[in-house]
Structures are given as structure tokens and as C-alpha cells.
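Shown below: run_16.cif, with mmCIF, C-alpha atoms.
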```cif
data_start
#
loop_
_atom_site.label_atom_id
_atom_site.label_comp_id
_atom_site.auth_asym_id
_atom_site.auth_seq_id
_atom_site.Cartn_x
_atom_site.Cartn_y
_atom_site.Cartn_z
CA MET A 177 -17.69 0.15 -9.97
CA GLU A 178 -14.27 -1.15 -10.75
CA VAL A 179 -12.62 -4.33 -9.57
CA ILE A 180 -9.04 -3.34 -8.79
CA LYS A 181 -8.07 -6.67 -7.35
CA ALA A 182 -9.63 -9.84 -6.09
CA ILE A 183 -8.31 -10.06 -2.54
CA PRO A 184 -11.13 -11.13 -0.23
CA LEU A 185 -12.08 -8.59 2.41
CA ASN A 186 -11.78 -11.46 4.83
CA HIS A 187 -8.01 -11.50 4.47
CA TYR A 188 -7.77 -7.91 5.62
CA ILE A 189 -9.86 -8.81 8.68
CA LEU A 190 -7.58 -11.76 9.42
CA LEU A 191 -4.42 -9.69 9.00
CA SER A 192 -5.74 -7.00 11.36
CA ALA A 193 -6.85 -9.60 13.90
CA ILE A 194 -3.41 -11.21 13.87
CA LEU A 195 -1.62 -7.87 14.24
CA PHE A 196 -3.96 -6.87 17.08
CA ALA A 197 -3.40 -10.18 18.86
CA ILE A 198 0.40 -9.77 18.51
CA GLY A 199 0.04 -6.34 20.13
CA VAL A 200 -1.97 -7.80 23.02
CA MET A 201 0.63 -10.54 23.37
CA GLY A 202 3.40 -7.95 23.56
CA VAL A 203 1.61 -6.01 26.30
CA LEU A 204 1.22 -9.22 28.30
CA VAL A 205 4.73 -10.59 27.75
CA ARG A 206 7.03 -7.56 28.05
CA ARG A 207 7.70 -5.50 31.16
CA ASN A 208 9.57 -2.60 29.62
CA ALA A 209 7.08 0.29 29.52
CA ILE A 210 8.44 1.61 26.21
CA ILE A 211 7.87 -1.76 24.49
CA ILE A 212 4.36 -1.81 25.92
CA PHE A 213 3.74 1.62 24.34
CA MET A 214 5.01 0.26 21.03
CA CYS A 215 2.64 -2.68 21.22
CA ILE A 216 -0.24 -0.26 21.84
CA GLU A 217 0.80 1.55 18.64
CA LEU A 218 0.73 -1.82 16.87
CA MET A 219 -2.85 -2.42 18.02
CA LEU A 220 -3.92 1.06 16.89
CA ASN A 221 -2.37 0.39 13.49
CA ALA A 222 -4.19 -2.92 13.11
CA VAL A 223 -7.46 -1.07 13.65
CA ASN A 224 -6.42 1.68 11.22
CA LEU A 225 -5.63 -0.85 8.50
CA LEU A 226 -9.04 -2.49 8.87
CA MET A 227 -10.76 0.90 8.81
CA VAL A 228 -9.01 1.86 5.55
CA ALA A 229 -9.88 -1.52 4.01
CA PHE A 230 -13.57 -1.14 4.83
CA SER A 231 -13.50 2.48 3.70
CA ALA A 232 -12.16 1.39 0.30
CA HIS A 233 -14.67 -1.44 0.13
CA HIS A 234 -17.67 0.81 0.80
CA GLY A 235 -16.38 3.70 -1.31
CA ASP A 236 -16.77 6.09 1.63
CA GLY A 237 -13.94 8.44 2.55
CA LYS A 238 -15.18 9.03 6.10
CA GLY A 239 -13.35 5.94 7.34
CA GLN A 240 -10.05 7.36 6.11
CA VAL A 241 -10.74 10.69 7.81
CA PHE A 242 -11.37 8.76 11.01
CA VAL A 243 -7.99 7.06 10.63
CA PHE A 244 -6.50 10.55 10.42
CA PHE A 245 -8.08 11.42 13.78
CA ILE A 246 -6.80 8.18 15.31
CA MET A 247 -3.29 9.17 14.20
CA ALA A 248 -3.68 12.57 15.90
CA VAL A 249 -4.84 10.93 19.13
CA ALA A 250 -1.97 8.41 18.95
CA ALA A 251 0.55 11.23 18.54
CA ALA A 252 -0.87 13.03 21.59
CA GLU A 253 -0.90 9.81 23.59
CA VAL A 254 2.72 9.04 22.76
CA ALA A 255 3.92 12.53 23.64
CA VAL A 256 2.23 12.55 27.07
CA GLY A 257 3.00 8.89 27.76
CA LEU A 258 6.69 9.18 26.99
CA SER A 259 7.05 12.28 29.16
CA ILE A 260 5.35 10.41 32.03
CA LEU A 261 7.82 7.59 31.39
CA ILE A 262 10.76 9.99 31.57
CA MET A 263 9.46 11.31 34.89
CA ILE A 264 9.08 7.74 36.22
CA HIS A 265 12.61 6.93 35.09
CA ARG A 266 13.93 10.09 36.71
CA ASN A 267 12.36 9.15 40.03
CA THR A 268 12.82 5.38 40.10
CA GLU A 269 15.70 4.74 37.66
CA THR A 270 13.72 2.02 35.90
CA THR A 271 11.09 1.56 33.20
CA ASP A 272 9.91 -1.76 34.60
CA VAL A 273 6.13 -1.72 34.96
CA GLY A 274 6.40 -4.42 37.63
CA PHE A 275 8.18 -1.90 39.86
CA LEU A 276 5.16 0.41 40.10
CA ASN A 277 2.84 -1.77 42.13
CA LYS A 278 1.58 0.59 44.86
CA LEU A 279 -1.93 0.53 43.36
CA LYS A 280 -1.95 -3.25 43.18
CA PHE A 281 -4.78 -4.81 45.17
CA MET B 125 0.36 -8.84 -9.13
CA THR B 126 -1.46 -7.09 -6.30
CA HIS B 127 -2.05 -10.52 -4.82
CA TYR B 128 1.65 -11.11 -4.41
CA ALA B 129 2.17 -7.59 -3.05
CA PHE B 130 -0.63 -8.10 -0.51
CA TYR B 131 0.67 -11.41 0.77
CA PHE B 132 4.29 -10.24 0.82
CA LEU B 133 3.37 -7.10 2.79
CA SER B 134 1.18 -9.11 5.18
CA PHE B 135 3.99 -11.58 5.80
CA LEU B 136 6.45 -8.74 6.38
CA ALA B 137 4.07 -6.94 8.77
CA ILE B 138 3.33 -10.03 10.85
CA LEU B 139 6.95 -11.17 10.98
CA SER B 140 8.30 -7.79 12.03
CA ALA B 141 5.45 -7.36 14.55
CA LEU B 142 6.50 -10.65 16.13
CA MET B 143 10.10 -9.44 16.17
CA VAL B 144 8.97 -6.25 17.97
CA VAL B 145 7.58 -8.38 20.77
CA PHE B 146 10.33 -10.96 20.99
CA SER B 147 13.60 -9.12 20.29
CA LYS B 148 15.77 -8.57 23.35
CA ASN B 149 17.17 -5.16 22.47
CA PRO B 150 14.66 -2.26 22.68
CA ILE B 151 16.42 -0.48 19.79
CA HIS B 152 15.80 -3.49 17.55
CA SER B 153 12.16 -3.48 18.64
CA VAL B 154 11.83 0.13 17.50
CA LEU B 155 13.47 -0.61 14.14
CA TYR B 156 11.22 -3.63 13.54
CA LEU B 157 8.21 -1.50 14.41
CA VAL B 158 9.33 1.00 11.75
CA LEU B 159 9.45 -1.92 9.29
CA THR B 160 5.91 -2.91 10.31
CA PHE B 161 4.75 0.65 9.71
CA PHE B 162 6.30 0.66 6.24
CA ALA B 163 4.49 -2.59 5.44
CA ILE B 164 1.21 -1.08 6.62
CA ALA B 165 1.88 2.02 4.50
CA GLY B 166 2.31 -0.34 1.54
CA HIS B 167 -1.10 -1.80 2.34
CA TYR B 168 -2.56 1.71 2.30
CA LEU B 169 -1.03 2.27 -1.15
CA LEU B 170 -2.59 -0.98 -2.38
CA LEU B 171 -5.94 0.27 -1.10
CA ASN B 172 -5.53 3.54 -3.06
CA ALA B 173 -5.24 5.60 0.13
CA GLN B 174 -2.25 7.64 -1.01
CA PHE B 175 -2.73 10.52 1.42
CA LEU B 176 -2.95 8.21 4.41
CA ALA B 177 0.10 6.27 3.25
CA VAL B 178 2.20 9.43 3.17
CA VAL B 179 0.80 10.74 6.46
CA HIS B 180 1.37 7.35 8.05
CA ILE B 181 5.04 7.34 7.08
CA VAL B 182 5.54 10.97 8.09
CA VAL B 183 3.73 10.74 11.43
CA TYR B 184 4.56 7.22 12.56
CA ALA B 185 7.92 6.35 11.02
CA GLY B 186 9.10 9.95 10.97
CA ALA B 187 7.84 11.45 14.22
CA ILE B 188 6.60 8.87 16.70
CA MET B 189 9.32 6.29 16.19
CA VAL B 190 12.02 8.96 16.31
CA LEU B 191 10.48 10.05 19.61
CA PHE B 192 10.72 6.49 20.87
CA LEU B 193 14.34 6.19 19.75
CA TYR B 194 15.13 9.52 21.36
CA VAL B 195 13.63 8.42 24.68
CA LEU B 196 15.55 5.14 24.52
CA MET B 197 18.74 7.10 23.95
CA LEU B 198 17.88 9.57 26.72
CA LEU B 199 17.19 6.83 29.26
CA ASN B 200 20.20 4.82 28.03
CA LEU B 201 18.24 1.57 27.85
CA ASN B 202 19.94 -1.47 26.38
CA VAL B 203 19.88 -5.23 26.70
CA ASP B 204 21.35 -5.22 30.21
CA ALA B 205 18.74 -2.82 31.60
CA GLU B 206 15.91 -4.86 30.12
CA PRO B 207 13.52 -6.06 32.86
CA LYS B 208 12.97 -9.81 32.63
CA ASN B 209 9.67 -11.53 33.27
CA LYS B 210 9.39 -14.90 34.91
CA THR B 211 9.17 -17.75 32.42
CA TRP B 212 5.66 -18.80 33.42
CA VAL B 213 4.43 -15.21 33.02
CA LYS B 214 5.89 -15.17 29.49
CA VAL B 215 4.33 -18.52 28.65
CA ALA B 216 0.98 -17.39 30.06
CA GLY B 217 1.17 -14.14 28.06
CA VAL B 218 1.98 -15.93 24.81
CA LEU B 219 -0.75 -18.50 25.47
CA SER B 220 -3.45 -15.94 26.21
CA GLY B 221 -2.43 -13.76 23.26
CA GLY B 222 -2.40 -16.84 21.04
CA MET B 223 -5.84 -17.83 22.26
CA LEU B 224 -7.17 -14.35 21.48
CA MET B 225 -5.65 -14.67 17.99
CA LEU B 226 -7.16 -18.14 17.59
CA THR B 227 -10.60 -16.90 18.63
CA LEU B 228 -10.52 -13.91 16.30
CA VAL B 229 -9.19 -15.89 13.33
CA ALA B 230 -11.65 -18.74 13.86
CA THR B 231 -14.50 -16.24 14.09
CA PHE B 232 -13.65 -14.23 11.01
CA SER B 233 -12.50 -17.08 8.78
CA LYS B 234 -16.13 -18.23 8.67
CA ALA B 235 -17.32 -14.80 7.53
CA GLU B 236 -18.55 -14.36 3.98
CA THR B 237 -15.62 -14.01 1.61
CA GLN B 238 -16.47 -11.16 -0.66
CA ALA B 239 -13.72 -9.83 -2.88
CA LEU B 240 -12.65 -6.31 -1.98
CA VAL B 241 -14.14 -4.08 -4.65
CA GLN B 242 -13.12 -0.45 -4.74
CA LYS B 243 -16.27 1.38 -5.75
CA ASP B 244 -14.52 4.71 -6.12
CA PRO B 245 -10.71 4.51 -6.43
CA SER B 246 -10.31 8.27 -6.01
CA ILE B 247 -11.58 8.60 -2.41
CA GLY B 248 -8.08 8.35 -1.01
CA VAL B 249 -6.62 11.37 -2.78
CA THR B 250 -5.99 14.48 -0.73
CA ALA B 251 -8.63 16.69 -2.38
CA ASN B 252 -11.51 14.32 -1.60
CA LEU B 253 -10.37 13.66 1.95
CA GLY B 254 -9.96 17.39 2.53
CA LYS B 255 -13.52 18.04 1.37
CA ILE B 256 -14.86 15.38 3.72
CA LEU B 257 -12.67 16.60 6.57
CA PHE B 258 -13.75 20.24 6.37
CA ASN B 259 -17.39 19.67 5.42
CA ASP B 260 -18.44 16.88 7.74
CA PHE B 261 -15.75 16.81 10.39
CA ALA B 262 -14.89 20.47 10.98
CA LEU B 263 -15.69 20.39 14.71
CA PRO B 264 -13.74 17.16 15.43
CA PHE B 265 -10.84 18.66 13.48
CA GLU B 266 -10.77 21.72 15.75
CA ILE B 267 -11.14 19.57 18.85
CA SER B 268 -8.22 17.40 17.78
CA SER B 269 -6.11 20.53 17.33
CA ILE B 270 -6.95 21.50 20.94
CA LEU B 271 -6.07 17.95 21.99
CA LEU B 272 -2.67 18.20 20.32
CA LEU B 273 -2.05 21.60 21.90
CA SER B 274 -2.94 20.32 25.37
CA ALA B 275 -0.78 17.23 24.84
CA MET B 276 2.13 19.47 23.90
CA VAL B 277 1.66 21.65 26.99
CA GLY B 278 1.21 18.57 29.15
CA ALA B 279 4.36 16.92 27.85
CA ILE B 280 6.40 20.03 28.56
CA MET B 281 4.86 20.40 32.02
CA LEU B 282 5.49 16.75 32.89
CA SER B 283 9.06 16.51 31.72
CA LYS B 284 10.11 19.84 33.18
CA LYS B 285 12.43 19.61 36.14
CA GLU B 286 10.90 20.64 39.46
CA ALA B 287 11.87 24.18 40.44
CA LYS B 288 13.85 24.29 43.64
CA ASN B 289 12.10 26.35 46.30
#
```

Would you write the structure of this file as C-alpha cells?
Amino acid sequence: MEVIKAIPLNHYILLSAILFAIGVMGVLVRRNAIIIFMCIELMLNAVNLLMVAFSAHHGDGKGQVFVFFIMAVAAAEVAVGLSILIMIHRNTETTDVGFLNKLKF
Amino acid sequence: MTHYAFYFLSFLAILSALMVVFSKNPIHSVLYLVLTFFAIAGHYLLLNAQFLAVVHIVVYAGAIMVLFLYVLMLLNLNVDAEPKNKTWVKVAGVLSGGMLMLTLVATFSKAETQALVQKDPSIGVTANLGKILFNDFALPFEISSILLLSAMVGAIMLSKKEAKN
């Protein structure tokens, strides 16, 4: 067991919580669908950072492998999501999420 | 030394994440998000996760953000085309996001403060991660390859122009 540094694990949790909350804030505040996608990426990255921190803390590499899978899923999500966005823009000439309100109750 | 690096990278990540949300121009948002990703890659390096740091830069900063920039260019989005929210919606969004942040921070700041001790500094190198990946996670690895293939096919199918008939 080797102490590399003395940063409390708590600070990693706080950093991830703040980044996640900024991502949620972005999804709520912005209406451009591309920015909303970017904020979702921000939230995924907050979770990834916390997972790597706990993986290093417990000395278990499985957490880092899981982060790898999350990256693969995020890449797939972005590819499909952006192509849906391009189709929406082709049909409606806008990327405003407030415009697509047919399913609104 | 690592203390200063940690707090500098955290500050950079939070500041540029805020700029992603609040900058008017979508291009600037993308560039600030790239900066956030570099800061997070620096955090991975501090945690001795070298492989993930490199993959993070290659996949996120190199591939995903370039995809975002490409779509912004393709759709010709700029400040003028930016949809505006009503002011009270913005205030409500910031308030509810801030309250979520407050709740999370207040919850976790009371947690036990144990210093982060790296039991085995070599878990983040590629050889060890590869062993774990192909011994314990072989099936999820194959499934994620099918997921990526189907996403690729789906993206091409979705963005293809409708055939005239």
C-alpha cells in the first residue's frame, strides 16, 4: 500500500457532484438540442471521474474497465443522437427543443 | 505538488463547464467542453489511469467533439440562430440545478474524509486493464462492439436522404 497523495476521496465526490449538477443545469437552461447533448456528455464524464477515483481507491481495475464501456455507449449515443438531430433540422429548420412539442401533454 | 494540480484541474473543469452552459455561441460551448475534457484527462493522469486518460482524449476530444463541431458547421448554427428561453425559465433552471448541487454537496461534505490511497498504482496501465477486460468482461466487450456496429448502421440509415419514389 502506497500513499501517492493525500487528497481526500471526499473532494473527488464533491467535484463530480458539482460537474453533474452543472450538466443538469445546462439541460434545464438551454434550448439548443446540441448544447443539451453536450451537457449530457458532461454528466457522463462526472460519473466516469468518480468511478476512476473509487477504482484507484479500492485498487480494483474493474471500475476503469466500466468507464471504458461507458465511453463506448456515449460514442454510440452521440452518433445516433446527432443524426436524429440532423434529420430534425432537415425537416423543421431548427434545433430548438421547444419546437417539438407534439407529445406534450 | 499533486494537491495544487488537483485543485487547479478542478477549478479549470468547473469553470469551463459553467462556460459550456452559459456561453452564447455554440462553437464556444464546444471548445469549452474540450477544455473540460482535457482537465478531466488530467485528473485521470493524477489517478494513475494512463490508459483511460489517453482513450478519453482520443475518443472525447478527438472524435466526439469533432463530430459536434462538424454538425454545428453542417447546420450552420451561430449566435443568431440560437433559440432563446424566457428569463423566468432560465432563472428556474439555474435555481433547480443549483439546489441539486447544494443538496449533493451538503450530503457528501458530511461523509467521512478518508485520504485517497492508491493500493496498487499499476492498475491503470494498459496490460492490467486488458487482462481484466478479456478475462472478466469478454461478453460485455462483444456486446458493446455489436452496439457500436448498430449505432453506425443506425446513424447512416437516419441521416440518409429519403429515396424519391

Mind checking which residues fall within 6 Å of stretch 170-185 of chain B, counting all atoms listed in the file, ignoring those fewer than 2 positions away in the same chain, and posting them as a list in words? Val158, Ala165, His167, Tyr168, Ala187, Ile188, Met189, Gly248, Val249 and Thr250 of chain B

Please produce a file of those selected residues containing C-alpha atoms, as a compact mmCIF listing (two decimals), keeping the file's coordinate frame.
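Produced file again-v4.txt, reproduced below:
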```txt
# COMPACT_ATOMS: atom_id res chain seq x y z
CA VAL B 158 9.33 1.00 11.75
CA ALA B 165 1.88 2.02 4.50
CA HIS B 167 -1.10 -1.80 2.34
CA TYR B 168 -2.56 1.71 2.30
CA ALA B 187 7.84 11.45 14.22
CA ILE B 188 6.60 8.87 16.70
CA MET B 189 9.32 6.29 16.19
CA GLY B 248 -8.08 8.35 -1.01
CA VAL B 249 -6.62 11.37 -2.78
CA THR B 250 -5.99 14.48 -0.73
```

Quick one: everything within 10 Å of A:Ile216, counting all atoms listed in the file, minus sequence neighbours fewer than 2 positions away in the same chain. Send it as a PDB file with C-alpha atoms, in the frame of the given file.
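File written: around-v3.pdb
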```pdb
ATOM      1  CA  PHE A 196      -3.960  -6.870  17.080  1.00  0.00           C
ATOM      2  CA  GLY A 199       0.040  -6.340  20.130  1.00  0.00           C
ATOM      3  CA  VAL A 200      -1.970  -7.800  23.020  1.00  0.00           C
ATOM      4  CA  GLY A 202       3.400  -7.950  23.560  1.00  0.00           C
ATOM      5  CA  VAL A 203       1.610  -6.010  26.300  1.00  0.00           C
ATOM      6  CA  ILE A 210       8.440   1.610  26.210  1.00  0.00           C
ATOM      7  CA  ILE A 211       7.870  -1.760  24.490  1.00  0.00           C
ATOM      8  CA  ILE A 212       4.360  -1.810  25.920  1.00  0.00           C
ATOM      9  CA  PHE A 213       3.740   1.620  24.340  1.00  0.00           C
ATOM     10  CA  MET A 214       5.010   0.260  21.030  1.00  0.00           C
ATOM     11  CA  LEU A 218       0.730  -1.820  16.870  1.00  0.00           C
ATOM     12  CA  MET A 219      -2.850  -2.420  18.020  1.00  0.00           C
ATOM     13  CA  LEU A 220      -3.920   1.060  16.890  1.00  0.00           C
ATOM     14  CA  ASN A 221      -2.370   0.390  13.490  1.00  0.00           C
ATOM     15  CA  ALA A 222      -4.190  -2.920  13.110  1.00  0.00           C
ATOM     16  CA  ALA A 250      -1.970   8.410  18.950  1.00  0.00           C
ATOM     17  CA  VAL A 254       2.720   9.040  22.760  1.00  0.00           C
TER      18      VAL A 254
END
```

Evaluate the PyMOL selection byres ((chain B and resi 229-233) around 10) here and jot the selected residues down as an mmCIF file with C-alpha atoms, in the coordinates of the input.
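Writing the result to selection.cif gives the following:
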```
data_model
loop_
_atom_site.group_PDB
_atom_site.id
_atom_site.type_symbol
_atom_site.label_atom_id
_atom_site.label_comp_id
_atom_site.auth_asym_id
_atom_site.auth_seq_id
_atom_site.Cartn_x
_atom_site.Cartn_y
_atom_site.Cartn_z
ATOM 1 C CA ASN A 186 -11.780 -11.460 4.830
ATOM 2 C CA HIS A 187 -8.010 -11.500 4.470
ATOM 3 C CA ILE A 189 -9.860 -8.810 8.680
ATOM 4 C CA LEU A 190 -7.580 -11.760 9.420
ATOM 5 C CA LEU A 191 -4.420 -9.690 9.000
ATOM 6 C CA SER A 192 -5.740 -7.000 11.360
ATOM 7 C CA ALA A 193 -6.850 -9.600 13.900
ATOM 8 C CA ILE A 194 -3.410 -11.210 13.870
ATOM 9 C CA ALA A 197 -3.400 -10.180 18.860
ATOM 10 C CA MET B 223 -5.840 -17.830 22.260
ATOM 11 C CA LEU B 224 -7.170 -14.350 21.480
ATOM 12 C CA MET B 225 -5.650 -14.670 17.990
ATOM 13 C CA LEU B 226 -7.160 -18.140 17.590
ATOM 14 C CA THR B 227 -10.600 -16.900 18.630
ATOM 15 C CA LEU B 228 -10.520 -13.910 16.300
ATOM 16 C CA LYS B 234 -16.130 -18.230 8.670
ATOM 17 C CA ALA B 235 -17.320 -14.800 7.530
ATOM 18 C CA GLU B 236 -18.550 -14.360 3.980
ATOM 19 C CA THR B 237 -15.620 -14.010 1.610
#
```

Can you work out which residues from chain B touch chain A at a cut-off of 6 Å (counting only C-alpha atoms) and hand them back as a PyMOL selection string? chain B and resi 145+207+214+217-218+221+225+229+237-244+247+272+275+279+283

Atoms kept (C-alpha atoms) for selection, written as a short mmCIF file (atom, residue, chain, number, x, y, z; two decimals), in the coordinates of the input:
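Output (selection-v8.cif):
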```
data_model
loop_
_atom_site.label_atom_id
_atom_site.label_comp_id
_atom_site.auth_asym_id
_atom_site.auth_seq_id
_atom_site.Cartn_x
_atom_site.Cartn_y
_atom_site.Cartn_z
CA VAL B 145 7.58 -8.38 20.77
CA PRO B 207 13.52 -6.06 32.86
CA LYS B 214 5.89 -15.17 29.49
CA GLY B 217 1.17 -14.14 28.06
CA VAL B 218 1.98 -15.93 24.81
CA GLY B 221 -2.43 -13.76 23.26
CA MET B 225 -5.65 -14.67 17.99
CA VAL B 229 -9.19 -15.89 13.33
CA THR B 237 -15.62 -14.01 1.61
CA GLN B 238 -16.47 -11.16 -0.66
CA ALA B 239 -13.72 -9.83 -2.88
CA LEU B 240 -12.65 -6.31 -1.98
CA VAL B 241 -14.14 -4.08 -4.65
CA GLN B 242 -13.12 -0.45 -4.74
CA LYS B 243 -16.27 1.38 -5.75
CA ASP B 244 -14.52 4.71 -6.12
CA ILE B 247 -11.58 8.60 -2.41
CA LEU B 272 -2.67 18.20 20.32
CA ALA B 275 -0.78 17.23 24.84
CA ALA B 279 4.36 16.92 27.85
CA SER B 283 9.06 16.51 31.72
#
```

Please report the interatomic distance between atom CA of B:Pro150 and atom CA of B:Val277 in Å with one decimal. 27.6 Å

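What separates atom CA of B:Lys210 from atom CA of B:Val195 is a distance of 25.8 Å.
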
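Reported to one decimal place, the separation of atom CA of B:Val213 from atom CA of A:Val223 is 26.8 Å.
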
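Listed by chain and then by number, the residues chosen by the PyMOL selection byres ((chain B and resi 152) around 12) in this file are Ile211 and Met214 of chain A; Ser140, Ala141, Leu142, Met143, Val144, Val145, Phe146, Ser147, Lys148, Asn149, Pro150, Ile151, Ser153, Val154, Leu155, Tyr156, Leu157, Val158, Leu159, Met189, Phe192, Leu193, Leu196, Leu201, Asn202 and Val203 of chain B.
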
Using only C-alpha atoms, give me every residue within 9 Å of (7.8, 3.7, 45.5) in file coordinates, as a PyMOL selection string. chain A and resi 267-268+275-278

Once 5 Å is added on each side, what centre and edge lengths in Å to one decimal does the axis-aligned box around all listed atoms of stretch 257-261 of chain A have, as AutoDock Vina command-line options?
```
--center_x 5.4 --center_y 9.9 --center_z 29.5 --size_x 14.8 --size_y 14.7 --size_z 15.0
```

For stretch 223-245 of chain A, supply N, CA and C atoms and format the output as a tab-separated table (two decimals), in the coordinates of the input.
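File out27.tsv, as written:
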```tsv
chain	number	residue	atom	x	y	z
A	223	VAL	N	-6.12	-1.63	13.81
A	223	VAL	CA	-7.46	-1.07	13.65
A	223	VAL	C	-7.51	-0.11	12.47
A	224	ASN	N	-6.47	0.72	12.32
A	224	ASN	CA	-6.42	1.68	11.22
A	224	ASN	C	-6.46	0.97	9.87
A	225	LEU	N	-5.69	-0.11	9.77
A	225	LEU	CA	-5.63	-0.85	8.50
A	225	LEU	C	-7.01	-1.40	8.14
A	226	LEU	N	-7.70	-1.94	9.13
A	226	LEU	CA	-9.04	-2.49	8.87
A	226	LEU	C	-10.01	-1.39	8.47
A	227	MET	N	-9.86	-0.23	9.13
A	227	MET	CA	-10.76	0.90	8.81
A	227	MET	C	-10.54	1.37	7.38
A	228	VAL	N	-9.27	1.44	6.93
A	228	VAL	CA	-9.01	1.86	5.55
A	228	VAL	C	-9.54	0.82	4.57
A	229	ALA	N	-9.40	-0.48	4.91
A	229	ALA	CA	-9.88	-1.52	4.01
A	229	ALA	C	-11.40	-1.43	3.84
A	230	PHE	N	-12.12	-1.24	4.95
A	230	PHE	CA	-13.57	-1.14	4.83
A	230	PHE	C	-13.99	0.15	4.14
A	231	SER	N	-13.21	1.22	4.37
A	231	SER	CA	-13.50	2.48	3.70
A	231	SER	C	-13.37	2.33	2.18
A	232	ALA	N	-12.32	1.62	1.74
A	232	ALA	CA	-12.16	1.39	0.30
A	232	ALA	C	-13.25	0.48	-0.23
A	233	HIS	N	-13.65	-0.49	0.58
A	233	HIS	CA	-14.67	-1.44	0.13
A	233	HIS	C	-16.02	-0.75	-0.04
A	234	HIS	N	-16.36	0.14	0.88
A	234	HIS	CA	-17.67	0.81	0.80
A	234	HIS	C	-17.64	2.06	-0.05
A	235	GLY	N	-16.45	2.49	-0.51
A	235	GLY	CA	-16.38	3.70	-1.31
A	235	GLY	C	-16.74	4.95	-0.53
A	236	ASP	N	-16.42	4.96	0.77
A	236	ASP	CA	-16.77	6.09	1.63
A	236	ASP	C	-15.49	6.63	2.26
A	237	GLY	N	-15.19	7.90	2.05
A	237	GLY	CA	-13.94	8.44	2.55
A	237	GLY	C	-13.94	8.74	4.02
A	238	LYS	N	-15.13	8.64	4.69
A	238	LYS	CA	-15.18	9.03	6.10
A	238	LYS	C	-14.32	8.12	6.97
A	239	GLY	N	-14.20	6.85	6.57
A	239	GLY	CA	-13.35	5.94	7.34
A	239	GLY	C	-11.90	6.40	7.33
A	240	GLN	N	-11.45	6.91	6.19
A	240	GLN	CA	-10.05	7.36	6.11
A	240	GLN	C	-9.84	8.63	6.92
A	241	VAL	N	-10.86	9.50	6.97
A	241	VAL	CA	-10.74	10.69	7.81
A	241	VAL	C	-10.65	10.28	9.28
A	242	PHE	N	-11.41	9.23	9.63
A	242	PHE	CA	-11.37	8.76	11.01
A	242	PHE	C	-10.00	8.22	11.36
A	243	VAL	N	-9.36	7.54	10.41
A	243	VAL	CA	-7.99	7.06	10.63
A	243	VAL	C	-7.05	8.23	10.91
A	244	PHE	N	-7.29	9.32	10.21
A	244	PHE	CA	-6.50	10.55	10.42
A	244	PHE	C	-6.64	11.03	11.86
A	245	PHE	N	-7.87	11.01	12.39
A	245	PHE	CA	-8.08	11.42	13.78
A	245	PHE	C	-7.40	10.46	14.75
```
